[in-house]
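Peer 1: Following this line is start_18.txt, made up of compact mmCIF, C-alpha atoms:
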```txt
# COMPACT_ATOMS: atom_id res chain seq x y z
CA MET A 117 -51.01 173.84 -75.68
CA LYS A 118 -53.91 171.40 -75.49
CA LYS A 119 -53.61 168.14 -73.57
CA ARG A 120 -54.27 166.17 -76.82
CA ASP A 121 -51.34 167.91 -78.60
CA ILE A 122 -48.98 167.17 -75.69
CA THR A 123 -49.99 163.50 -75.80
CA LEU A 124 -49.32 163.30 -79.57
CA ILE A 125 -45.90 164.90 -79.15
CA ALA A 126 -45.06 162.42 -76.39
CA ILE A 127 -46.13 159.45 -78.55
CA LYS A 128 -44.03 160.68 -81.50
CA THR A 129 -41.00 161.23 -79.22
CA VAL A 130 -41.27 157.70 -77.80
CA ALA A 131 -41.62 156.28 -81.32
CA ALA A 132 -38.59 158.21 -82.55
CA CYS A 133 -36.53 157.00 -79.60
CA ALA A 134 -37.64 153.43 -80.27
CA LEU A 135 -36.62 153.71 -83.93
CA MET A 136 -33.27 155.18 -82.96
CA THR A 137 -32.69 152.43 -80.39
CA GLY A 138 -33.61 149.81 -82.98
CA ALA A 139 -31.23 151.32 -85.51
CA ILE A 140 -28.40 151.40 -82.98
CA GLY A 141 -29.16 147.81 -82.02
CA THR A 142 -29.11 146.69 -85.65
CA PHE A 143 -25.89 148.61 -86.24
CA GLY A 144 -24.36 146.94 -83.19
CA ILE A 145 -25.30 143.47 -84.45
CA ALA A 146 -23.90 144.22 -87.90
CA ASN A 147 -20.65 145.36 -86.29
CA ALA A 148 -20.47 142.21 -84.14
CA GLN A 149 -20.89 140.03 -87.21
CA THR A 150 -17.91 141.66 -88.91
CA LYS A 151 -15.51 140.68 -86.11
CA LEU A 152 -13.97 137.31 -86.98
CA LYS A 153 -11.73 135.04 -84.90
CA TRP A 154 -8.78 133.33 -86.61
CA ALA A 155 -7.07 130.69 -84.44
CA HIS A 156 -3.95 128.53 -84.67
CA VAL A 157 -1.52 126.74 -82.34
CA TYR A 158 1.76 128.25 -83.59
CA GLU A 159 4.12 130.75 -81.99
CA THR A 160 4.00 134.46 -82.80
CA SER A 161 7.57 134.17 -84.14
CA GLU A 162 6.51 131.74 -86.90
CA PRO A 163 5.58 132.60 -90.49
CA TYR A 164 2.10 131.09 -89.99
CA HIS A 165 1.26 133.82 -87.48
CA LYS A 166 2.94 136.61 -89.42
CA TRP A 167 1.00 135.84 -92.59
CA SER A 168 -2.24 135.20 -90.70
CA LEU A 169 -1.97 138.77 -89.40
CA TRP A 170 -1.27 139.97 -92.93
CA ALA A 171 -4.31 138.07 -94.24
CA GLY A 172 -6.52 139.62 -91.58
CA GLU A 173 -5.42 143.12 -92.58
CA GLU A 174 -5.85 142.34 -96.28
CA ILE A 175 -9.37 141.00 -95.74
CA LYS A 176 -10.23 144.20 -93.88
CA LYS A 177 -8.72 146.34 -96.63
CA ARG A 178 -10.27 144.48 -99.57
CA THR A 179 -13.74 144.44 -98.00
CA ASN A 180 -13.54 148.15 -97.16
CA GLY A 181 -13.49 147.44 -93.44
CA ARG A 182 -16.61 145.26 -93.39
CA TYR A 183 -14.68 142.41 -91.77
CA GLU A 184 -12.21 142.72 -88.92
CA VAL A 185 -10.11 139.64 -88.23
CA GLN A 186 -8.45 139.05 -84.86
CA VAL A 187 -5.76 136.36 -84.83
CA PHE A 188 -5.33 134.14 -81.75
CA PRO A 189 -1.94 132.32 -81.80
CA ALA A 190 -0.20 129.69 -79.66
CA SER A 191 -3.26 127.60 -78.65
CA SER A 192 -4.83 130.63 -76.93
CA LEU A 193 -8.26 129.46 -78.11
CA GLY A 194 -7.49 125.80 -77.50
CA LYS A 195 -5.68 122.79 -78.92
CA GLU A 196 -6.06 121.74 -82.57
CA SER A 197 -9.01 119.52 -81.75
CA ASP A 198 -10.67 122.42 -79.91
CA ILE A 199 -10.33 124.95 -82.70
CA ASN A 200 -11.57 122.43 -85.27
CA GLN A 201 -14.64 121.86 -83.14
CA GLY A 202 -14.99 125.61 -82.73
CA LEU A 203 -15.56 126.00 -86.49
CA THR A 204 -18.74 123.96 -86.28
CA LEU A 205 -19.86 125.61 -83.03
CA GLY A 206 -19.28 129.07 -84.49
CA THR A 207 -16.92 130.08 -81.67
CA VAL A 208 -14.03 130.35 -84.16
CA ASP A 209 -14.37 131.60 -87.74
CA ILE A 210 -11.07 130.72 -89.45
CA ILE A 211 -8.32 128.30 -88.46
CA LEU A 212 -4.96 127.01 -89.61
CA THR A 213 -4.89 123.27 -88.97
CA GLY A 214 -3.23 120.06 -90.08
CA SER A 215 -5.25 117.89 -92.47
CA SER A 216 -4.90 115.15 -89.88
CA PHE A 217 -7.07 117.08 -87.43
CA ALA A 218 -9.61 118.19 -90.04
CA ALA A 219 -9.74 114.53 -91.07
CA ARG A 220 -11.41 113.57 -87.81
CA SER A 221 -14.58 114.74 -89.53
CA TYR A 222 -13.63 113.25 -92.91
CA PRO A 223 -10.90 110.53 -92.57
CA PRO A 224 -9.90 110.23 -96.29
CA LEU A 225 -8.43 113.76 -96.09
CA ALA A 226 -5.53 112.50 -93.94
CA VAL A 227 -4.14 110.18 -96.62
CA SER A 228 -1.53 112.90 -97.31
CA TYR A 229 0.01 112.05 -93.90
CA PHE A 230 0.81 108.48 -94.80
CA PRO A 231 4.62 108.15 -94.47
CA PHE A 232 6.67 108.90 -97.58
CA ILE A 233 3.60 109.54 -99.78
CA PHE A 234 5.31 112.72 -101.02
CA ARG A 235 8.76 112.72 -102.58
CA ASP A 236 9.40 116.35 -101.60
CA ALA A 237 7.83 119.80 -101.22
CA GLU A 238 7.42 120.15 -104.99
CA HIS A 239 5.38 116.95 -105.11
CA GLN A 240 3.15 118.27 -102.32
CA LEU A 241 2.67 121.58 -104.16
CA LYS A 242 1.51 119.70 -107.26
CA TYR A 243 -0.87 117.68 -105.07
CA SER A 244 -2.39 120.92 -103.70
CA LYS A 245 -3.34 121.85 -107.27
CA SER A 246 -4.53 118.39 -108.28
CA ASP A 247 -7.96 116.88 -108.87
CA VAL A 248 -7.47 114.45 -106.00
CA PHE A 249 -6.88 117.33 -103.55
CA ARG A 250 -9.95 119.16 -104.83
CA GLU A 251 -12.03 116.00 -104.46
CA LEU A 252 -10.78 115.29 -100.93
CA THR A 253 -11.37 118.84 -99.70
CA LYS A 254 -14.81 118.86 -101.32
CA GLY A 255 -15.60 115.66 -99.43
CA TYR A 256 -14.57 117.43 -96.22
CA ASP A 257 -16.59 120.54 -97.14
CA ASP A 258 -19.70 118.47 -97.90
CA LYS A 259 -19.38 116.50 -94.67
CA THR A 260 -18.75 119.42 -92.32
CA GLY A 261 -20.13 122.53 -94.00
CA ASN A 262 -16.73 124.16 -93.41
CA HIS A 263 -14.69 125.31 -96.39
CA VAL A 264 -10.99 124.78 -97.15
CA THR A 265 -9.61 127.87 -98.86
CA ALA A 266 -5.83 127.29 -98.92
CA MET A 267 -2.94 124.93 -98.20
CA THR A 268 0.38 125.96 -96.62
CA TYR A 269 3.65 124.01 -96.70
CA TYR A 270 4.56 123.06 -93.12
CA GLY A 271 7.82 121.25 -93.81
CA ALA A 272 9.34 117.78 -93.79
CA ARG A 273 9.00 116.10 -90.39
CA HIS A 274 12.17 114.81 -88.73
CA VAL A 275 12.83 112.93 -85.49
CA THR A 276 14.52 114.60 -82.50
CA SER A 277 15.62 112.27 -79.72
CA ASN A 278 17.71 111.67 -76.62
CA ARG A 279 19.62 108.84 -78.27
CA PRO A 280 20.84 108.91 -81.91
CA ILE A 281 18.44 107.43 -84.48
CA GLU A 282 20.53 106.39 -87.48
CA LYS A 283 18.63 103.43 -88.94
CA PRO A 284 15.07 102.05 -88.79
CA GLU A 285 16.01 99.50 -86.11
CA ASP A 286 16.96 102.33 -83.74
CA MET A 287 13.29 103.33 -83.54
CA LYS A 288 12.31 100.10 -81.78
CA GLY A 289 10.98 100.77 -78.27
CA LEU A 290 11.46 104.55 -78.62
CA LYS A 291 8.81 106.49 -76.70
CA ILE A 292 8.00 109.19 -79.22
CA ARG A 293 5.49 112.01 -79.00
CA VAL A 294 3.18 112.38 -81.97
CA PRO A 295 0.26 114.79 -82.51
CA ASP A 296 -3.04 113.59 -81.10
CA ALA A 297 -4.40 112.43 -84.47
CA PRO A 298 -4.47 108.91 -85.98
CA ALA A 299 -2.62 109.94 -89.15
CA TYR A 300 0.69 110.25 -87.29
CA LEU A 301 0.73 106.70 -85.95
CA ALA A 302 1.79 104.79 -89.09
CA PHE A 303 5.46 105.83 -89.04
CA PRO A 304 6.33 105.01 -85.40
CA LYS A 305 4.14 101.89 -85.19
CA ALA A 306 5.58 100.40 -88.37
CA LEU A 307 9.07 100.75 -86.87
CA GLY A 308 8.24 99.36 -83.41
CA ALA A 309 8.28 102.69 -81.55
CA ASN A 310 5.82 103.56 -78.78
CA ALA A 311 3.73 106.46 -80.09
CA THR A 312 2.47 108.82 -77.37
CA PRO A 313 -0.06 111.50 -78.42
CA ILE A 314 0.57 114.79 -76.57
CA ALA A 315 -0.91 118.24 -77.29
CA PHE A 316 1.46 120.59 -79.13
CA ALA A 317 1.64 123.15 -76.32
CA GLU A 318 2.79 120.44 -73.87
CA VAL A 319 5.59 118.86 -75.93
CA TYR A 320 8.56 120.87 -74.61
CA LEU A 321 7.74 119.99 -71.01
CA ALA A 322 7.14 116.33 -71.91
CA LEU A 323 10.62 116.15 -73.48
CA GLN A 324 12.20 118.04 -70.62
CA ASN A 325 10.79 115.84 -67.87
CA GLY A 326 11.32 112.57 -69.75
CA THR A 327 7.66 111.69 -70.34
CA VAL A 328 8.80 110.87 -73.88
CA ASP A 329 12.25 110.25 -75.41
CA ALA A 330 11.61 111.81 -78.80
CA GLN A 331 9.27 113.84 -80.99
CA GLU A 332 8.98 114.61 -84.70
CA ASN A 333 8.44 117.94 -86.45
CA PRO A 334 9.90 120.07 -89.27
CA LEU A 335 13.12 121.98 -88.61
CA PRO A 336 11.41 125.42 -88.45
CA THR A 337 9.08 124.09 -85.74
CA ILE A 338 11.96 122.48 -83.85
CA GLU A 339 13.58 125.93 -83.84
CA ALA A 340 10.45 127.92 -82.96
CA LYS A 341 9.43 125.62 -80.11
CA LYS A 342 13.07 125.30 -78.95
CA PHE A 343 12.93 121.50 -78.86
CA TYR A 344 16.67 121.50 -79.58
CA GLU A 345 17.22 122.76 -76.02
CA VAL A 346 15.97 119.45 -74.60
CA GLN A 347 16.93 117.06 -77.45
CA LYS A 348 20.48 116.76 -78.72
CA ASN A 349 19.91 114.58 -81.80
CA ILE A 350 18.02 115.42 -85.01
CA SER A 351 17.58 112.61 -87.55
CA LEU A 352 16.63 113.86 -91.01
CA THR A 353 14.02 111.19 -91.72
CA GLY A 354 11.67 113.46 -93.69
CA HIS A 355 8.99 110.79 -93.20
CA ILE A 356 6.01 113.13 -93.67
CA VAL A 357 5.94 116.22 -95.88
CA ASP A 358 3.44 118.16 -93.83
CA SER A 359 0.98 120.92 -94.61
CA LEU A 360 -1.64 123.14 -92.99
CA LEU A 361 -5.11 123.91 -94.26
CA THR A 362 -6.81 127.28 -93.94
CA VAL A 363 -10.44 126.51 -93.13
CA VAL A 364 -13.37 128.93 -92.83
CA GLY A 365 -16.16 127.68 -90.57
CA GLY A 366 -19.50 126.79 -92.14
CA PRO A 367 -21.54 129.34 -90.14
CA THR A 368 -19.18 132.10 -91.31
CA TRP A 369 -18.68 130.93 -94.91
CA SER A 370 -22.43 130.61 -95.52
CA LYS A 371 -22.96 134.27 -94.54
CA LEU A 372 -20.35 135.59 -96.98
CA SER A 373 -21.48 136.90 -100.35
CA ALA A 374 -19.95 135.27 -103.43
CA ALA A 375 -17.73 138.35 -103.86
CA ASP A 376 -16.51 138.13 -100.25
CA GLN A 377 -15.92 134.39 -100.55
CA LYS A 378 -13.67 135.15 -103.52
CA ILE A 379 -11.76 137.76 -101.49
CA PHE A 380 -11.29 135.40 -98.52
CA THR A 381 -10.08 132.64 -100.85
CA GLU A 382 -7.62 134.84 -102.74
CA VAL A 383 -6.20 136.43 -99.58
CA THR A 384 -5.72 133.14 -97.71
CA GLN A 385 -4.09 131.56 -100.76
CA GLU A 386 -1.69 134.49 -101.08
CA ALA A 387 -0.86 134.22 -97.36
CA ALA A 388 -0.31 130.47 -97.71
CA GLU A 389 2.10 130.99 -100.60
CA LYS A 390 4.09 133.61 -98.69
CA ALA A 391 4.34 131.46 -95.54
CA SER A 392 5.26 128.38 -97.61
CA ARG A 393 8.15 130.22 -99.23
CA GLU A 394 9.51 131.32 -95.85
CA ILE A 395 9.28 127.82 -94.40
CA ALA A 396 11.03 126.23 -97.38
CA ALA A 397 13.81 128.82 -97.21
CA SER A 398 14.33 128.31 -93.47
CA GLU A 399 14.60 124.52 -93.91
CA VAL A 400 17.60 125.03 -96.17
CA ARG A 401 19.62 126.95 -93.56
CA LEU A 402 18.51 125.32 -90.31
CA ALA A 403 20.40 122.03 -90.51
CA ASP A 404 23.71 123.97 -90.51
CA GLU A 405 22.50 126.31 -87.77
CA PHE A 406 21.62 123.38 -85.51
CA LYS A 407 25.07 121.90 -86.09
CA LYS A 408 26.62 125.21 -84.98
CA LYS A 409 24.58 124.97 -81.78
CA GLY A 410 26.22 121.61 -81.06
CA ILE A 411 23.23 119.48 -82.07
CA ASN A 412 23.99 116.09 -83.62
CA VAL A 413 22.28 116.35 -87.04
CA ILE A 414 22.12 112.89 -88.62
CA THR A 415 21.63 112.34 -92.35
CA VAL A 416 19.86 108.97 -92.55
CA ASN A 417 19.20 106.64 -95.46
CA LYS A 418 15.62 107.70 -96.18
CA ASN A 419 15.04 104.79 -98.53
CA ALA A 420 15.84 102.35 -95.73
CA PHE A 421 13.23 104.04 -93.50
CA ARG A 422 10.72 104.13 -96.34
CA GLU A 423 11.13 100.44 -97.14
CA ALA A 424 10.90 99.45 -93.47
CA VAL A 425 7.68 101.44 -93.02
CA LEU A 426 5.99 100.21 -96.22
CA LYS A 427 6.89 96.63 -95.32
CA ASN A 428 4.83 96.90 -92.12
CA ALA A 429 2.08 99.37 -93.02
CA LYS A 430 -0.26 100.14 -95.88
CA PRO A 431 -2.77 102.97 -96.34
CA THR A 432 -5.83 100.77 -95.86
CA ASP A 433 -4.53 99.73 -92.40
CA TYR A 434 -5.26 103.30 -91.30
CA GLY A 435 -8.60 103.73 -93.03
CA TYR A 436 -7.31 105.50 -96.14
CA ARG A 437 -8.46 104.65 -99.65
CA GLN A 438 -5.83 102.90 -101.75
CA THR A 439 -7.02 104.74 -104.86
CA ASP A 440 -6.34 108.15 -103.27
CA TYR A 441 -2.88 106.99 -102.20
CA ASP A 442 -2.07 105.63 -105.68
CA ARG A 443 -3.25 108.82 -107.39
CA ILE A 444 -1.08 110.99 -105.13
CA ILE A 445 1.98 108.76 -105.55
CA SER A 446 1.61 108.93 -109.35
CA ILE A 447 1.56 112.77 -109.52
CA LYS A 448 4.61 113.80 -111.55
```
Could you take the file, read its structure, and then write that structure out as structure tokens?
Peer 2:
Amino acid sequence: MKKRDITLIAIKTVAACALMTGAIGTFGIANAQTKLKWAHVYETSEPYHKWSLWAGEEIKKRTNGRYEVQVFPASSLGKESDINQGLTLGTVDIILTGSSFAARSYPPLAVSYFPFIFRDAEHQLKYSKSDVFRELTKGYDDKTGNHVTAMTYYGARHVTSNRPIEKPEDMKGLKIRVPDAPAYLAFPKALGANATPIAFAEVYLALQNGTVDAQENPLPTIEAKKFYEVQKNISLTGHIVDSLLTVVGGPTWSKLSAADQKIFTEVTQEAAEKASREIAASEVRLADEFKKKGINVITVNKNAFREAVLKNAKPTDYGYRQTDYDRIISIK
């Protein structure tokens, strides 16, 4: 074989190897882009995690395996503020978060956390399908580039405490933990309590060591986080009917085709509905179960709490728009 022929064969071999390496590299990048991180701060025993896992599997199935979703529970990728920031940074792709935390980027969104704005879970459900909800989430989407795909019922928030809370006056001077977001301050401040923001993962220890005297959360969360072990009183104030948003980060959402965006939206909405049903059902049974555990479950006069709060606080005091508040209140 001539020297020239050997040289040509060598050049072709190198070129073929380069093409193969390039193809493998491109394939590797494509694979990396299909792996998505879904983060939340809730326990693996809670419906939010169970249905997040289900949603991840459904997304994989409905996109023929083009997207693989890994769910990170229990603050394993950071506190709520961290995972919200992660959406923008692209370090997290999908999160479950309270509107109050998403509202740090778009404050009007947190109006739904103003005390007693919702009559009950049914009222909140109607809000989630209303024009005002669509307008508020669009405002958030436009401001952040992230996209809200679904809303999950989180439950009515109640106060757990060391001493019994039976009437609004009992809240005065109470050192109560609230989530580290401005939306939660209206209820305790209006009643003269000392609100202390503490990260969710640190609440049990804060109650146990006496850093705070009380906290507030829905009954399913009180059960899942075992707050009843370190608090012997539960007052059924129901002061906030809470919810979680499913949010897809802007960097991820913008890369999805219209067809995939539709799949992600449908799947996360189905997961939200399933989790919401479980939470609502567990609320019904938990009050009796806590009583059986020896917990002092107190049925308070909610109207008395509502009147006391509204006497000392109004939506505009906390940066919310009165028109949004009025529109939500008037939903029938």
Peer 1: May I ask for the distance between atom CA of Ile233 of chain A and atom CA of Ala309 of chain A, given in Å to one decimal place?
Peer 2: 20.0 Å
Peer 1: Please provide as a PyMOL selection string all residues within 12 Å of Pro304 of chain A, with the sequence filter that same-chain residues fewer than 2 positions apart are discarded (counting all atoms listed in the file).
Peer 2: chain A and resi 230-231+274-275+284-295+298-302+306-313+330-332+353+355-356+421-422+424-426+428-429
Peer 1: Tell me, in Å to one decimal, how far atom CA of Leu361 of chain A is from atom CA of Asp329 of chain A.
Peer 2: 29.0 Å
Peer 1: Take atom CA of Leu252 of chain A and atom CA of Val227 of chain A and report the distance between them in Å, one decimal.
Peer 2: 9.4 Å
Peer 1: Quick one: everything within 8 Å of segment 368-383 of chain A, counting all atoms listed in the file, minus sequence neighbours fewer than 3 positions away in the same chain. Send it as an NGL selection string.
Peer 2: :A and (171 or 174-175 or 178-179 or 206 or 209 or 262-263 or 265-266 or 364-365 or 386-387)
